[in-house]
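Report on the following structure.
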Amino acid sequence: REPDARLELEAVYGYGGLANLAPNVFYSSSGEVVYYTAAVGIVLDKEAQAQRFFRGHSDDIHCLALDPSRTIAATGQTADRELGGRPFVCVWDVHSLQELSKLVHGKVNRVAAVGFSADGKLLATVGCSAPQSVCVW
């Protein structure tokens, strides 16, 4: 039987970016800080000292990019067992935290890098394993 109680994420402590060489901290258009730790995308309002969370990932996030308007984020993760060992990228709105798209990558270990085109219409993703792959969405 399921318990009557539920847990709710209140805060994330820590920062996994020191070991990550990819760009991993950005300011949104509203001045909030966007970053990630483990499988959680975090939007930090420094003035209010409050965090909001994007929880669309099933495993560790390895990369992050914001589009030129700084309102849309893309985060790439480690391979997902439920997707046959394929990783995916979540494209999400940093203000509403709504997932806009889930892009399933080819069979690689993880998505190592993501980047938007200058006009924000295209997203490039890099798969990490031999051989590496680049997808343009």
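Naming works like this for the structure tokens: A, B, ... for the chains as they're shown, residue 1 at the start of each chain, ligands 1 onward in shown order.
Within the 12 Å cut-off around A:Arg70, using only C-alpha atoms and omitting residues fewer than 6 positions from it on the same chain, the listed residues are Val25, Phe26, Tyr27, Ser28, Ser29, Ser30, Gly31, Glu32, Val33, Val34, Leu64, Trp92, Asp93, Val94, His95, Phe116, Ala118, Asp119 and Gly120 of chain A.
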Those same residues - all heavy atoms - I'd like them written as a compact mmCIF listing (two decimals), in the first residue's frame.
```
# COMPACT_ATOMS: atom_id res chain seq x y z
N VAL A 25 26.30 27.53 -16.09
CA VAL A 25 25.56 28.52 -15.29
C VAL A 25 25.25 29.70 -16.20
O VAL A 25 26.14 30.22 -16.87
CB VAL A 25 26.38 29.01 -14.08
CG1 VAL A 25 25.61 30.06 -13.30
CG2 VAL A 25 26.77 27.87 -13.18
N PHE A 26 23.98 30.10 -16.21
CA PHE A 26 23.55 31.20 -17.08
C PHE A 26 22.57 32.09 -16.33
O PHE A 26 21.93 31.66 -15.38
CB PHE A 26 22.83 30.65 -18.33
CG PHE A 26 23.71 29.81 -19.21
CD1 PHE A 26 23.79 28.45 -19.02
CD2 PHE A 26 24.43 30.38 -20.24
CE1 PHE A 26 24.60 27.66 -19.82
CE2 PHE A 26 25.24 29.60 -21.05
CZ PHE A 26 25.32 28.24 -20.85
N TYR A 27 22.43 33.33 -16.79
CA TYR A 27 21.38 34.22 -16.31
C TYR A 27 20.23 34.18 -17.30
O TYR A 27 20.44 34.31 -18.51
CB TYR A 27 21.89 35.66 -16.18
CG TYR A 27 22.66 35.92 -14.92
CD1 TYR A 27 24.04 35.97 -14.93
CD2 TYR A 27 21.98 36.12 -13.71
CE1 TYR A 27 24.75 36.20 -13.76
CE2 TYR A 27 22.69 36.36 -12.54
CZ TYR A 27 24.07 36.39 -12.57
OH TYR A 27 24.76 36.62 -11.42
N SER A 28 19.01 34.04 -16.79
CA SER A 28 17.82 34.09 -17.64
C SER A 28 17.50 35.54 -17.98
O SER A 28 18.11 36.47 -17.44
CB SER A 28 16.63 33.44 -16.92
OG SER A 28 16.17 34.29 -15.88
N SER A 29 16.51 35.74 -18.82
CA SER A 29 16.11 37.10 -19.21
C SER A 29 15.59 37.91 -18.03
O SER A 29 15.65 39.13 -18.03
CB SER A 29 15.04 37.04 -20.31
OG SER A 29 13.88 36.39 -19.82
N SER A 30 15.11 37.23 -17.00
CA SER A 30 14.60 37.93 -15.80
C SER A 30 15.68 38.12 -14.74
O SER A 30 15.39 38.63 -13.66
CB SER A 30 13.42 37.15 -15.22
OG SER A 30 13.85 35.87 -14.80
N GLY A 31 16.91 37.69 -15.03
CA GLY A 31 18.00 37.85 -14.08
C GLY A 31 18.16 36.71 -13.09
O GLY A 31 19.00 36.77 -12.20
N GLU A 32 17.37 35.66 -13.25
CA GLU A 32 17.52 34.49 -12.38
C GLU A 32 18.71 33.65 -12.86
O GLU A 32 19.06 33.68 -14.04
CB GLU A 32 16.25 33.64 -12.38
CG GLU A 32 15.06 34.36 -11.75
CD GLU A 32 13.78 33.58 -11.90
OE1 GLU A 32 13.39 33.29 -13.05
OE2 GLU A 32 13.18 33.25 -10.87
N VAL A 33 19.30 32.89 -11.96
CA VAL A 33 20.44 32.04 -12.29
C VAL A 33 19.90 30.66 -12.66
O VAL A 33 19.10 30.08 -11.92
CB VAL A 33 21.41 31.92 -11.10
CG1 VAL A 33 22.59 31.02 -11.45
CG2 VAL A 33 21.90 33.30 -10.67
N VAL A 34 20.33 30.15 -13.81
CA VAL A 34 19.90 28.82 -14.28
C VAL A 34 21.12 27.91 -14.28
O VAL A 34 22.14 28.24 -14.87
CB VAL A 34 19.29 28.91 -15.70
CG1 VAL A 34 18.80 27.54 -16.16
CG2 VAL A 34 18.16 29.92 -15.74
N LEU A 64 24.07 22.16 -20.40
CA LEU A 64 22.99 23.14 -20.36
C LEU A 64 23.30 24.26 -21.33
O LEU A 64 24.46 24.68 -21.47
CB LEU A 64 22.89 23.71 -18.93
CG LEU A 64 22.09 24.99 -18.69
CD1 LEU A 64 20.61 24.75 -18.88
CD2 LEU A 64 22.36 25.52 -17.29
N TRP A 92 13.10 23.30 -22.29
CA TRP A 92 12.10 23.78 -21.33
C TRP A 92 12.15 25.27 -21.13
O TRP A 92 13.16 25.92 -21.36
CB TRP A 92 12.23 23.04 -20.00
CG TRP A 92 13.61 22.95 -19.40
CD1 TRP A 92 14.63 22.10 -19.76
CD2 TRP A 92 14.14 23.72 -18.31
NE1 TRP A 92 15.73 22.29 -18.97
CE2 TRP A 92 15.47 23.28 -18.07
CE3 TRP A 92 13.62 24.74 -17.51
CZ2 TRP A 92 16.26 23.83 -17.07
CZ3 TRP A 92 14.42 25.28 -16.50
CH2 TRP A 92 15.73 24.81 -16.30
N ASP A 93 11.00 25.81 -20.72
CA ASP A 93 10.84 27.24 -20.48
C ASP A 93 11.36 27.55 -19.07
O ASP A 93 10.89 26.95 -18.10
CB ASP A 93 9.36 27.59 -20.60
CG ASP A 93 9.09 29.06 -20.47
OD1 ASP A 93 9.31 29.62 -19.36
OD2 ASP A 93 8.65 29.68 -21.46
N VAL A 94 12.31 28.48 -18.95
CA VAL A 94 12.91 28.76 -17.64
C VAL A 94 11.97 29.53 -16.71
O VAL A 94 12.19 29.54 -15.50
CB VAL A 94 14.27 29.50 -17.75
CG1 VAL A 94 15.28 28.68 -18.51
CG2 VAL A 94 14.11 30.87 -18.37
N HIS A 95 10.93 30.14 -17.25
CA HIS A 95 9.99 30.88 -16.40
C HIS A 95 8.86 29.99 -15.90
O HIS A 95 8.57 29.98 -14.71
CB HIS A 95 9.46 32.11 -17.14
CG HIS A 95 10.56 33.03 -17.58
ND1 HIS A 95 11.40 33.67 -16.70
CD2 HIS A 95 10.97 33.40 -18.80
CE1 HIS A 95 12.28 34.39 -17.35
NE2 HIS A 95 12.05 34.25 -18.65
N PHE A 116 22.34 26.39 -28.86
CA PHE A 116 21.35 26.96 -29.77
C PHE A 116 22.05 27.76 -30.86
O PHE A 116 23.11 28.33 -30.64
CB PHE A 116 20.40 27.89 -29.01
CG PHE A 116 19.38 27.17 -28.16
CD1 PHE A 116 19.63 26.93 -26.82
CD2 PHE A 116 18.18 26.76 -28.71
CE1 PHE A 116 18.69 26.28 -26.03
CE2 PHE A 116 17.23 26.10 -27.93
CZ PHE A 116 17.50 25.86 -26.60
N ALA A 118 22.31 31.07 -33.40
CA ALA A 118 22.24 32.50 -33.07
C ALA A 118 20.81 33.04 -33.10
O ALA A 118 20.48 33.94 -32.35
CB ALA A 118 23.12 33.30 -34.02
N ASP A 119 19.95 32.45 -33.94
CA ASP A 119 18.56 32.91 -33.99
C ASP A 119 17.65 32.08 -33.08
O ASP A 119 16.45 32.36 -32.99
CB ASP A 119 18.03 32.90 -35.43
CG ASP A 119 17.99 31.52 -36.06
OD1 ASP A 119 18.29 30.51 -35.38
OD2 ASP A 119 17.68 31.44 -37.26
N GLY A 120 18.19 31.06 -32.42
CA GLY A 120 17.42 30.25 -31.49
C GLY A 120 16.49 29.23 -32.13
O GLY A 120 15.77 28.52 -31.44
```
Point to revise | Filtered DSSP result for stretch 73-130 of chain A, state strand (DSSP E or B), as a ChimeraX atom specification | key: /A:73-78,80,86,88-93,99-104,110-116,123-128
**Study point:** Exercise: A:Trp137 partners within 10 Å, only C-alpha atoms, chain neighbours under 4 positions left out, as a PyMOL selection string
**Key:** chain A and resi 103+116+121-125
Within 12 Å of A:Thr37 using only C-alpha atoms, minus same-chain residues under 4 positions, as a compact mmCIF listing (two decimals) with N, CA and C atoms, in the first residue's frame:
```
# COMPACT_ATOMS: atom_id res chain seq x y z
N ALA A 11 14.67 22.54 -1.58
CA ALA A 11 15.91 23.23 -1.94
C ALA A 11 16.93 22.20 -2.41
N VAL A 12 17.80 22.65 -3.29
CA VAL A 12 18.92 21.84 -3.75
C VAL A 12 20.20 22.52 -3.26
N TYR A 13 21.02 21.77 -2.57
CA TYR A 13 22.29 22.28 -2.09
C TYR A 13 23.39 21.59 -2.88
N GLY A 14 24.36 22.36 -3.32
CA GLY A 14 25.46 21.78 -4.07
C GLY A 14 25.46 22.28 -5.50
N TYR A 15 26.58 22.02 -6.12
CA TYR A 15 26.80 22.46 -7.49
C TYR A 15 27.76 21.48 -8.13
N GLY A 16 27.32 20.82 -9.19
CA GLY A 16 28.14 19.82 -9.84
C GLY A 16 29.01 20.36 -10.95
N GLY A 17 29.07 21.66 -11.13
CA GLY A 17 29.74 22.24 -12.28
C GLY A 17 31.24 22.32 -12.20
N LEU A 18 31.83 22.15 -11.02
CA LEU A 18 33.28 22.29 -10.92
C LEU A 18 34.02 21.23 -11.71
N ALA A 19 33.44 20.03 -11.82
CA ALA A 19 34.07 18.95 -12.57
C ALA A 19 33.63 18.96 -14.04
N ASN A 20 32.71 19.84 -14.37
CA ASN A 20 32.15 19.90 -15.71
C ASN A 20 32.82 21.06 -16.45
N ASN A 24 27.87 25.94 -17.75
CA ASN A 24 26.81 25.30 -16.95
C ASN A 24 26.07 26.23 -16.00
N VAL A 25 26.30 27.53 -16.09
CA VAL A 25 25.56 28.52 -15.29
C VAL A 25 25.25 29.70 -16.20
N GLY A 41 17.19 20.61 -13.00
CA GLY A 41 17.46 21.94 -13.50
C GLY A 41 16.97 22.93 -12.45
N ILE A 42 17.80 23.91 -12.12
CA ILE A 42 17.48 24.83 -11.03
C ILE A 42 17.44 26.25 -11.56
N VAL A 43 16.41 26.98 -11.15
CA VAL A 43 16.28 28.40 -11.46
C VAL A 43 16.27 29.12 -10.12
N PHE A 53 12.32 24.34 -9.72
CA PHE A 53 12.98 23.14 -10.24
C PHE A 53 12.32 22.61 -11.50
N PHE A 54 13.18 22.27 -12.46
CA PHE A 54 12.74 21.50 -13.62
C PHE A 54 13.11 20.05 -13.35
N ARG A 55 12.12 19.16 -13.35
CA ARG A 55 12.34 17.76 -12.95
C ARG A 55 12.06 16.78 -14.09
N HIS A 57 14.19 15.17 -16.01
CA HIS A 57 15.26 14.21 -16.29
C HIS A 57 15.17 12.98 -15.40
N ASP A 59 18.08 10.96 -15.05
CA ASP A 59 19.45 10.67 -14.62
C ASP A 59 20.25 11.97 -14.70
N ASP A 60 21.53 11.89 -14.38
CA ASP A 60 22.37 13.08 -14.28
C ASP A 60 22.37 13.93 -15.55
N ILE A 61 22.23 15.23 -15.36
CA ILE A 61 22.37 16.21 -16.44
C ILE A 61 23.86 16.49 -16.62
N HIS A 62 24.29 16.60 -17.88
CA HIS A 62 25.71 16.84 -18.19
C HIS A 62 25.96 18.15 -18.94
N CYS A 63 24.90 18.80 -19.42
CA CYS A 63 25.11 20.02 -20.18
C CYS A 63 23.86 20.88 -20.17
N LEU A 64 24.07 22.16 -20.40
CA LEU A 64 22.99 23.14 -20.36
C LEU A 64 23.30 24.26 -21.33
N THR A 75 18.76 20.94 -21.69
CA THR A 75 19.62 20.18 -20.78
C THR A 75 19.72 18.75 -21.29
N GLN A 77 21.30 14.72 -20.81
CA GLN A 77 21.58 13.79 -19.72
C GLN A 77 22.27 12.51 -20.16
```
Point to revise | Pairwise distance for atom CA of A:Asp80 and atom CA of A:Leu97, rounded to one decimal in Å | key: 21.3 Å
Point to revise | Best match for closeness to A:Asp67 among A:Val111, A:Ser117, A:Glu99, A:Pro87, counting only C-alpha atoms | key: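 Of A:Val111, A:Ser117, A:Glu99, A:Pro87, the one nearest A:Asp67, counting only C-alpha atoms, is A:Ser117.
Nearest to A:Arg110 of all the residues A:Lys46, A:Arg6, A:Gly127, A:Ser96 is A:Gly127, based on only C-alpha atoms.
Separating atom CA of A:Leu66 from atom CA of A:Glu47 is a distance of 21.2 Å.
As for atom CA of A:Ala112 and atom CA of A:Cys90, they are spaced 13.3 Å apart.
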Review point. Among chain A, which ones does DSSP place in helix (DSSP H, G or I), written as a PyMOL selection string?
Key: chain A and resi 17-19+81-83
Could you dump the residues just selected with all heavy atoms as a PDB file, in the first residue's frame?
```
ATOM      1  N   GLY A  17      29.067  21.663 -11.130  1.00  0.00           N
ATOM      2  CA  GLY A  17      29.738  22.241 -12.275  1.00  0.00           C
ATOM      3  C   GLY A  17      31.241  22.320 -12.204  1.00  0.00           C
ATOM      4  O   GLY A  17      31.894  22.544 -13.212  1.00  0.00           O
ATOM      5  N   LEU A  18      31.827  22.152 -11.025  1.00  0.00           N
ATOM      6  CA  LEU A  18      33.278  22.295 -10.918  1.00  0.00           C
ATOM      7  C   LEU A  18      34.021  21.226 -11.713  1.00  0.00           C
ATOM      8  O   LEU A  18      35.100  21.471 -12.234  1.00  0.00           O
ATOM      9  CB  LEU A  18      33.709  22.274  -9.454  1.00  0.00           C
ATOM     10  CG  LEU A  18      33.179  23.447  -8.616  1.00  0.00           C
ATOM     11  CD1 LEU A  18      33.612  23.298  -7.166  1.00  0.00           C
ATOM     12  CD2 LEU A  18      33.636  24.776  -9.173  1.00  0.00           C
ATOM     13  N   ALA A  19      33.441  20.025 -11.815  1.00  0.00           N
ATOM     14  CA  ALA A  19      34.070  18.949 -12.572  1.00  0.00           C
ATOM     15  C   ALA A  19      33.630  18.963 -14.036  1.00  0.00           C
ATOM     16  O   ALA A  19      34.121  18.189 -14.838  1.00  0.00           O
ATOM     17  CB  ALA A  19      33.734  17.598 -11.938  1.00  0.00           C
ATOM     18  N   ARG A  81      17.905   3.959 -19.261  1.00  0.00           N
ATOM     19  CA  ARG A  81      17.647   2.517 -19.465  1.00  0.00           C
ATOM     20  C   ARG A  81      16.282   2.272 -20.088  1.00  0.00           C
ATOM     21  O   ARG A  81      16.112   1.375 -20.908  1.00  0.00           O
ATOM     22  CB  ARG A  81      17.767   1.774 -18.131  1.00  0.00           C
ATOM     23  CG  ARG A  81      19.200   1.575 -17.723  1.00  0.00           C
ATOM     24  CD  ARG A  81      19.304   0.812 -16.398  1.00  0.00           C
ATOM     25  NE  ARG A  81      20.261   1.552 -15.592  1.00  0.00           N
ATOM     26  CZ  ARG A  81      19.992   2.176 -14.461  1.00  0.00           C
ATOM     27  NH1 ARG A  81      18.814   2.115 -13.932  1.00  0.00           N
ATOM     28  NH2 ARG A  81      20.910   2.844 -13.826  1.00  0.00           N
ATOM     29  N   GLU A  82      15.298   3.061 -19.703  1.00  0.00           N
ATOM     30  CA  GLU A  82      13.940   2.872 -20.222  1.00  0.00           C
ATOM     31  C   GLU A  82      13.831   3.224 -21.703  1.00  0.00           C
ATOM     32  O   GLU A  82      12.887   2.823 -22.364  1.00  0.00           O
ATOM     33  CB  GLU A  82      12.940   3.674 -19.404  1.00  0.00           C
ATOM     34  CG  GLU A  82      12.782   3.129 -17.997  1.00  0.00           C
ATOM     35  CD  GLU A  82      11.719   3.871 -17.209  1.00  0.00           C
ATOM     36  OE1 GLU A  82      10.886   4.570 -17.815  1.00  0.00           O
ATOM     37  OE2 GLU A  82      11.731   3.728 -15.980  1.00  0.00           O
ATOM     38  N   LEU A  83      14.781   3.985 -22.208  1.00  0.00           N
ATOM     39  CA  LEU A  83      14.802   4.334 -23.630  1.00  0.00           C
ATOM     40  C   LEU A  83      15.814   3.473 -24.392  1.00  0.00           C
ATOM     41  O   LEU A  83      16.331   3.885 -25.419  1.00  0.00           O
ATOM     42  CB  LEU A  83      15.130   5.821 -23.812  1.00  0.00           C
ATOM     43  CG  LEU A  83      14.069   6.795 -23.317  1.00  0.00           C
ATOM     44  CD1 LEU A  83      14.587   8.228 -23.412  1.00  0.00           C
ATOM     45  CD2 LEU A  83      12.782   6.640 -24.116  1.00  0.00           C
TER      46      LEU A  83
END
```
